[in-house]
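Text of query.pdb, listed as PDB, C-alpha atoms:
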```pdb
ATOM      1  CA  MET Q  16      18.331 121.117 140.400
ATOM      2  CA  ARG Q  17      16.402 117.982 141.313
ATOM      3  CA  GLY Q  18      12.710 118.635 141.535
ATOM      4  CA  LYS Q  19      12.938 121.615 139.189
ATOM      5  CA  GLN Q  20      11.950 119.729 136.025
ATOM      6  CA  THR Q  21       9.310 121.529 134.100
ATOM      7  CA  VAL Q  22       6.682 120.800 131.544
ATOM      8  CA  ARG Q  23       9.039 122.421 129.034
ATOM      9  CA  ASP Q  24      11.693 119.749 129.721
ATOM     10  CA  MET Q  25       9.125 116.996 129.279
ATOM     11  CA  VAL Q  26       7.951 118.432 125.943
ATOM     12  CA  LEU Q  27      11.559 118.723 124.717
ATOM     13  CA  SER Q  28      12.216 115.088 125.693
ATOM     14  CA  MET Q  29       9.089 113.939 123.845
ATOM     15  CA  ALA Q  30      10.161 115.912 120.761
ATOM     16  CA  VAL Q  31      13.571 114.218 120.749
ATOM     17  CA  ILE Q  32      11.940 110.790 121.070
ATOM     18  CA  GLY Q  33       9.533 111.659 118.227
ATOM     19  CA  ILE Q  34      12.435 112.644 115.958
ATOM     20  CA  VAL Q  35      14.230 109.351 116.708
ATOM     21  CA  VAL Q  36      11.064 107.325 115.973
ATOM     22  CA  ALA Q  37      10.476 109.234 112.704
ATOM     23  CA  ALA Q  38      14.079 108.605 111.621
ATOM     24  CA  ILE Q  39      13.758 104.894 112.336
ATOM     25  CA  TYR Q  40      10.522 104.705 110.355
ATOM     26  CA  LEU Q  41      12.072 106.528 107.378
ATOM     27  CA  PHE Q  42      15.336 104.607 107.235
ATOM     28  CA  ILE Q  43      14.215 101.051 108.071
ATOM     29  CA  PRO Q  44      12.878  99.373 104.910
ATOM     30  CA  HIS Q  45       9.238  98.276 105.031
ATOM     31  CA  ASN Q  46       6.649  97.265 102.509
ATOM     32  CA  ASP Q  47       2.923  97.591 103.191
ATOM     33  CA  SER Q  48       1.723  96.408  99.769
ATOM     34  CA  LYS Q  49      -0.567  93.415  99.099
ATOM     35  CA  ASP Q  50       2.376  91.569  97.504
ATOM     36  CA  ALA Q  51       4.366  91.925 100.713
ATOM     37  CA  GLU Q  52       1.423  90.557 102.679
ATOM     38  CA  LYS Q  53       1.297  87.490 100.412
ATOM     39  CA  ALA Q  54       5.043  86.986 100.630
ATOM     40  CA  ALA Q  55       4.854  87.108 104.430
ATOM     41  CA  VAL Q  56       2.998  83.780 104.508
ATOM     42  CA  LYS Q  57       5.548  81.044 104.034
ATOM     43  CA  THR Q  58       4.704  78.370 101.493
ATOM     44  CA  VAL Q  59       5.694  74.815 102.393
ATOM     45  CA  GLY Q  60       6.325  71.653 100.436
ATOM     46  CA  TYR Q  61       4.517  68.593 101.718
ATOM     47  CA  ARG Q  62       5.573  65.640  99.574
ATOM     48  CA  VAL Q  63       7.903  64.077 102.172
ATOM     49  CA  GLU Q  64       5.371  64.446 104.994
ATOM     50  CA  LEU Q  65       2.639  63.061 102.729
ATOM     51  CA  ALA Q  66       4.707  59.976 101.851
ATOM     52  CA  THR Q  67       5.535  59.443 105.532
ATOM     53  CA  ALA Q  68       1.896  59.816 106.609
ATOM     54  CA  ARG Q  69       0.720  57.433 103.891
ATOM     55  CA  ARG Q  70       3.174  54.787 105.111
ATOM     56  CA  ALA Q  71       2.282  55.274 108.789
ATOM     57  CA  ALA Q  72      -1.482  55.804 108.793
ATOM     58  CA  PRO Q  73      -3.874  52.846 108.796
ATOM     59  CA  TYR Q  74      -6.290  54.802 106.599
ATOM     60  CA  PRO Q  75      -5.863  56.264 103.093
ATOM     61  CA  VAL Q  76      -4.303  59.723 103.541
ATOM     62  CA  ALA Q  77      -5.774  62.403 101.271
ATOM     63  CA  ALA Q  78      -3.938  65.238  99.551
ATOM     64  CA  PRO Q  79      -4.962  67.401  96.604
ATOM     65  CA  GLU Q  80      -3.809  66.801  93.065
ATOM     66  CA  GLY Q  81      -4.281  69.376  90.341
ATOM     67  CA  LEU Q  82      -5.444  72.350  92.374
ATOM     68  CA  PRO Q  83      -5.716  75.491  90.238
ATOM     69  CA  LYS Q  84      -2.963  78.075  90.363
ATOM     70  CA  GLY Q  85      -3.106  80.336  93.390
ATOM     71  CA  TRP Q  86      -3.505  77.656  96.077
ATOM     72  CA  ARG Q  87      -0.532  77.683  98.466
ATOM     73  CA  ALA Q  88       0.290  75.048 101.069
ATOM     74  CA  THR Q  89       1.158  76.762 104.359
ATOM     75  CA  SER Q  90       1.269  73.979 106.965
ATOM     76  CA  VAL Q  91       1.608  70.217 107.149
ATOM     77  CA  SER Q  92       1.805  67.650 109.929
ATOM     78  CA  TYR Q  93       1.130  64.050 110.783
ATOM     79  CA  LYS Q  94       0.881  63.065 114.427
ATOM     80  CA  ALA Q  95       0.679  59.385 115.225
ATOM     81  CA  ASP Q  96      -1.292  58.275 118.256
ATOM     82  CA  SER Q  97       0.701  56.816 121.131
ATOM     83  CA  ASP Q  98      -1.251  53.549 120.798
ATOM     84  CA  GLY Q  99      -0.111  53.173 117.165
ATOM     85  CA  LYS Q 100      -3.638  53.241 115.751
ATOM     86  CA  GLY Q 101      -3.090  56.058 113.311
ATOM     87  CA  GLY Q 102      -3.276  59.635 114.271
ATOM     88  CA  ALA Q 103      -4.095  62.902 112.587
ATOM     89  CA  TRP Q 104      -3.125  64.288 109.184
ATOM     90  CA  HIS Q 105      -3.232  68.052 108.594
ATOM     91  CA  LEU Q 106      -2.533  69.968 105.393
ATOM     92  CA  GLY Q 107      -3.295  73.708 105.416
ATOM     93  CA  PHE Q 108      -3.641  76.059 102.439
ATOM     94  CA  LEU Q 109      -4.428  79.607 101.448
ATOM     95  CA  ASP Q 110      -6.783  79.698  98.494
ATOM     96  CA  PRO Q 111      -6.494  82.208  95.623
ATOM     97  CA  LYS Q 112      -8.621  84.669  97.661
ATOM     98  CA  ASP Q 113      -6.212  84.340 100.643
ATOM     99  CA  GLN Q 114      -8.752  82.404 102.678
ATOM    100  CA  TYR Q 115      -7.643  79.482 104.835
ATOM    101  CA  ALA Q 116      -8.635  75.907 103.995
ATOM    102  CA  ALA Q 117      -7.284  72.688 105.454
ATOM    103  CA  VAL Q 118      -7.559  68.959 105.001
ATOM    104  CA  GLU Q 119      -7.851  67.161 108.334
ATOM    105  CA  GLN Q 120      -8.051  63.386 108.709
ATOM    106  CA  SER Q 121      -8.038  61.003 111.632
ATOM    107  CA  ASP Q 122      -9.223  57.626 112.799
ATOM    108  CA  ALA Q 123     -10.138  59.159 116.174
ATOM    109  CA  PRO Q 124     -13.843  59.174 117.142
ATOM    110  CA  ALA Q 125     -15.505  61.355 114.503
ATOM    111  CA  ARG Q 126     -17.574  63.559 116.802
ATOM    112  CA  ASP Q 127     -14.634  64.712 118.937
ATOM    113  CA  PHE Q 128     -12.295  65.050 115.956
ATOM    114  CA  VAL Q 129     -14.728  67.184 113.927
ATOM    115  CA  LYS Q 130     -15.421  69.421 116.911
ATOM    116  CA  LYS Q 131     -11.692  69.940 117.490
ATOM    117  CA  VAL Q 132     -10.578  70.718 113.920
ATOM    118  CA  THR Q 133     -13.575  72.909 113.057
ATOM    119  CA  LEU Q 134     -13.290  74.931 116.266
ATOM    120  CA  ASN Q 135     -16.699  73.739 117.490
ATOM    121  CA  ALA Q 136     -18.640  74.025 114.239
ATOM    122  CA  THR Q 137     -22.012  72.266 114.233
ATOM    123  CA  PRO Q 138     -23.985  70.597 111.431
ATOM    124  CA  ALA Q 139     -25.440  73.259 109.161
ATOM    125  CA  GLY Q 140     -28.059  70.974 107.694
ATOM    126  CA  GLY Q 141     -27.931  69.495 104.266
ATOM    127  CA  GLY Q 142     -24.944  68.351 102.394
ATOM    128  CA  GLN Q 143     -22.871  69.042  99.372
ATOM    129  CA  GLU Q 144     -22.016  66.664  96.596
ATOM    130  CA  VAL Q 145     -18.407  66.809  95.473
ATOM    131  CA  ASP Q 146     -17.318  64.528  92.621
ATOM    132  CA  GLY Q 147     -20.129  62.081  93.361
ATOM    133  CA  ALA Q 148     -19.438  61.895  97.103
ATOM    134  CA  ARG Q 149     -21.706  63.388  99.770
ATOM    135  CA  TRP Q 150     -20.126  65.734 102.315
ATOM    136  CA  ASP Q 151     -21.993  67.112 105.330
ATOM    137  CA  ARG Q 152     -21.879  70.884 105.851
ATOM    138  CA  TYR Q 153     -20.827  72.338 109.199
ATOM    139  CA  LYS Q 154     -20.800  75.978 110.266
ATOM    140  CA  GLY Q 155     -19.180  77.688 113.226
ATOM    141  CA  ASP Q 156     -18.251  81.145 114.421
ATOM    142  CA  THR Q 157     -14.770  80.825 112.907
ATOM    143  CA  TYR Q 158     -14.760  77.987 110.355
ATOM    144  CA  LYS Q 159     -17.054  76.336 107.874
ATOM    145  CA  ALA Q 160     -16.445  72.692 107.028
ATOM    146  CA  LEU Q 161     -17.287  69.824 104.752
ATOM    147  CA  VAL Q 162     -17.176  66.522 106.636
ATOM    148  CA  ARG Q 163     -17.070  63.004 105.243
ATOM    149  CA  LYS Q 164     -17.235  60.059 107.629
ATOM    150  CA  GLU Q 165     -15.724  57.030 105.967
ATOM    151  CA  SER Q 166     -15.002  53.481 107.056
ATOM    152  CA  GLY Q 167     -12.497  53.751 109.899
ATOM    153  CA  HIS Q 168     -11.666  57.441 109.517
ATOM    154  CA  THR Q 169     -13.054  60.933 109.019
ATOM    155  CA  THR Q 170     -12.012  63.528 106.440
ATOM    156  CA  VAL Q 171     -12.727  67.199 107.141
ATOM    157  CA  VAL Q 172     -12.106  70.103 104.781
ATOM    158  CA  THR Q 173     -12.391  73.199 106.953
ATOM    159  CA  GLY Q 174     -11.421  76.850 107.093
ATOM    160  CA  THR Q 175     -12.484  80.416 106.426
ATOM    161  CA  ALA Q 176     -12.884  79.775 102.702
ATOM    162  CA  SER Q 177     -16.374  79.698 101.193
ATOM    163  CA  TYR Q 178     -18.183  76.374 100.824
ATOM    164  CA  ASP Q 179     -17.329  76.570  97.103
ATOM    165  CA  GLY Q 180     -13.640  76.992  97.963
ATOM    166  CA  LEU Q 181     -13.801  74.100 100.420
ATOM    167  CA  ALA Q 182     -15.554  71.994  97.765
ATOM    168  CA  GLU Q 183     -12.819  72.847  95.263
ATOM    169  CA  LEU Q 184     -10.207  71.527  97.692
ATOM    170  CA  ALA Q 185     -12.317  68.470  98.562
ATOM    171  CA  GLY Q 186     -12.781  67.711  94.864
ATOM    172  CA  ALA Q 187      -9.022  67.675  94.295
ATOM    173  CA  LEU Q 188      -8.337  65.175  97.093
ATOM    174  CA  LYS Q 189      -6.828  61.821  96.201
ATOM    175  CA  ALA Q 190      -6.523  59.316  99.024
ATOM    176  CA  GLU Q 191      -3.849  56.629  99.063
ATOM    177  CA  ASN Q 192      -2.555  54.168 101.580
ATOM    178  CA  GLY Q 193       1.205  53.709 101.343
ATOM    179  CA  LYS Q 194       1.250  50.240 102.914
TER     180      LYS Q 194
END
```

Kindly return the structure encoded in the file as structure tokens.
Amino acid sequence: MRGKQTVRDMVLSMAVIGIVVAAIYLFIPHNDSKDAEKAAVKTVGYRVELATARRAAPYPVAAPEGLPKGWRATSVSYKADSDGKGGAWHLGFLDPKDQYAAVEQSDAPARDFVKKVTLNATPAGGGQEVDGARWDRYKGDTYKALVRKESGHTTVVTGTASYDGLAELAGALKAENGK
């Protein structure tokens, strides 16, 4: 009987596979709602990492205090440089509109650091005042950013959030040195 398969056999096989796929779809629980989408992004605590970074970094490490409800921390890290000079602090969030925003700090050369964390954003011209401090605006294909070059380190608030959302995060930042 080899070589005698027909189109009819192929169609019957495809029908059986279709029935199996339909059964799996019906009996495996799934949730396509907006609430399920929000729950899929894991929220993280960052107090321990913040305390560790503040003790290790040679610059004042910034984190938000008093952000309005709806902001969710989603990622945190502190990576010290091998030469012991400091390193990079990262704290990522989703804002109430589910847009990404992150605080990035480092004592690395500002130009290279800004380019890296903003995914090659360039100065957009002008600035934005946030709580009496001037931040430079950057714009790229993926991220917007507010950049503040300070003595010995650079603070970048970047992401897909609007400039107003980035300014809200920047305005909530409190920098402390744990040493």

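Proximity of Q:Gly180, Q:His105, Q:Thr137, Q:Ala123 to Trp86 in chain Q, computed with all atoms listed in the file, is greatest for Q:Gly180.
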
Please report, as CSV, each residue of range 25-117 of chain Q lying at most 10 Å from range 162-168 of chain Q, together with the nearest pair of atoms and the separation in Å rounded to one decimal; use only C-alpha atoms, and order rows by chain and ascending residue number.
```
residue,atom,partner,partner_atom,distance
Q:Pro73,CA,Q:Gly167,CA,8.7
Q:Tyr74,CA,Q:His168,CA,6.7
Q:Pro75,CA,Q:His168,CA,8.7
Q:Val76,CA,Q:His168,CA,9.8
Q:Gly101,CA,Q:His168,CA,9.5
Q:Gly102,CA,Q:His168,CA,9.9
Q:Ala103,CA,Q:His168,CA,9.8
```

Problem - Gly142 in chain Q surroundings by only C-alpha atoms, 7 Å radius, close-in-sequence under 3 positions cut, as a list of chain:residue names - result: Q:Arg149, Q:Trp150, Q:Asp151, Q:Arg152

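Atom pair CA of Gly60 in chain Q / CA of Leu82 in chain Q: separated by 14.3 Å.
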
Practice task
Work out how far CA of Gly85 in chain Q is from CA of Asp113 in chain Q, in Å to one decimal.
Solution key: 8.8 Å

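The residue set within 10 Å of range 129-131 of chain Q, counting only C-alpha atoms and dropping same-chain residues fewer than 2 places from it, reads Glu119, Gln120, Ser121, Ala123, Pro124, Ala125, Arg126, Asp127, Thr133, Leu134, Asn135, Ala136, Thr137, Tyr153, Gly155, Ala160, Leu161, Val162, Arg163, Lys164, Thr169, Thr170, Val171, Val172 and Thr173 of chain Q.
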
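The shortest atom-to-atom distance to Val56 in chain Q, with all atoms listed in the file taken into account, belongs to Q:Gly107 out of Q:Gly107, Q:Gly140, Q:Gly174, Q:Gly81.
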
Practice task
Please write the residues picked by the PyMOL selection byres ((chain Q and resi 87) around 6) on this file as a PyMOL selection string.
Solution key: chain Q and resi 86+88+108-109

Handout entry: Distance query Leu184 in chain Q at most 9 Å, only C-alpha atoms, self and fewer than 5 positions along chain excluded, as a PyMOL selection string
Key = chain Q and resi 79+82+110+116-118+172+179

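Considering only C-alpha atoms, the residue among Q:Lys94, Q:Lys57, Q:Lys84, Q:Lys159 positioned nearest to Arg69 in chain Q is Q:Lys94.
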
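The coordinates place CA of Thr58 in chain Q at 4.8 Å from CA of Thr89 in chain Q.
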
Coordinates of box centre and edge lengths for range 126-142 of chain Q, 8 Å on every side, axis-aligned, as AutoDock Vina command-line options:
```
--center_x -19.3 --center_y 69.2 --center_z 110.7 --size_x 33.5 --size_y 27.4 --size_z 32.5
```

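Around Val63 in chain Q, within 12 Å and counting only C-alpha atoms, the residues found are Q:Ala68, Q:Arg69, Q:Arg70, Q:Val91, Q:Ser92, Q:Tyr93, once anything fewer than 5 positions away on its own chain is removed.
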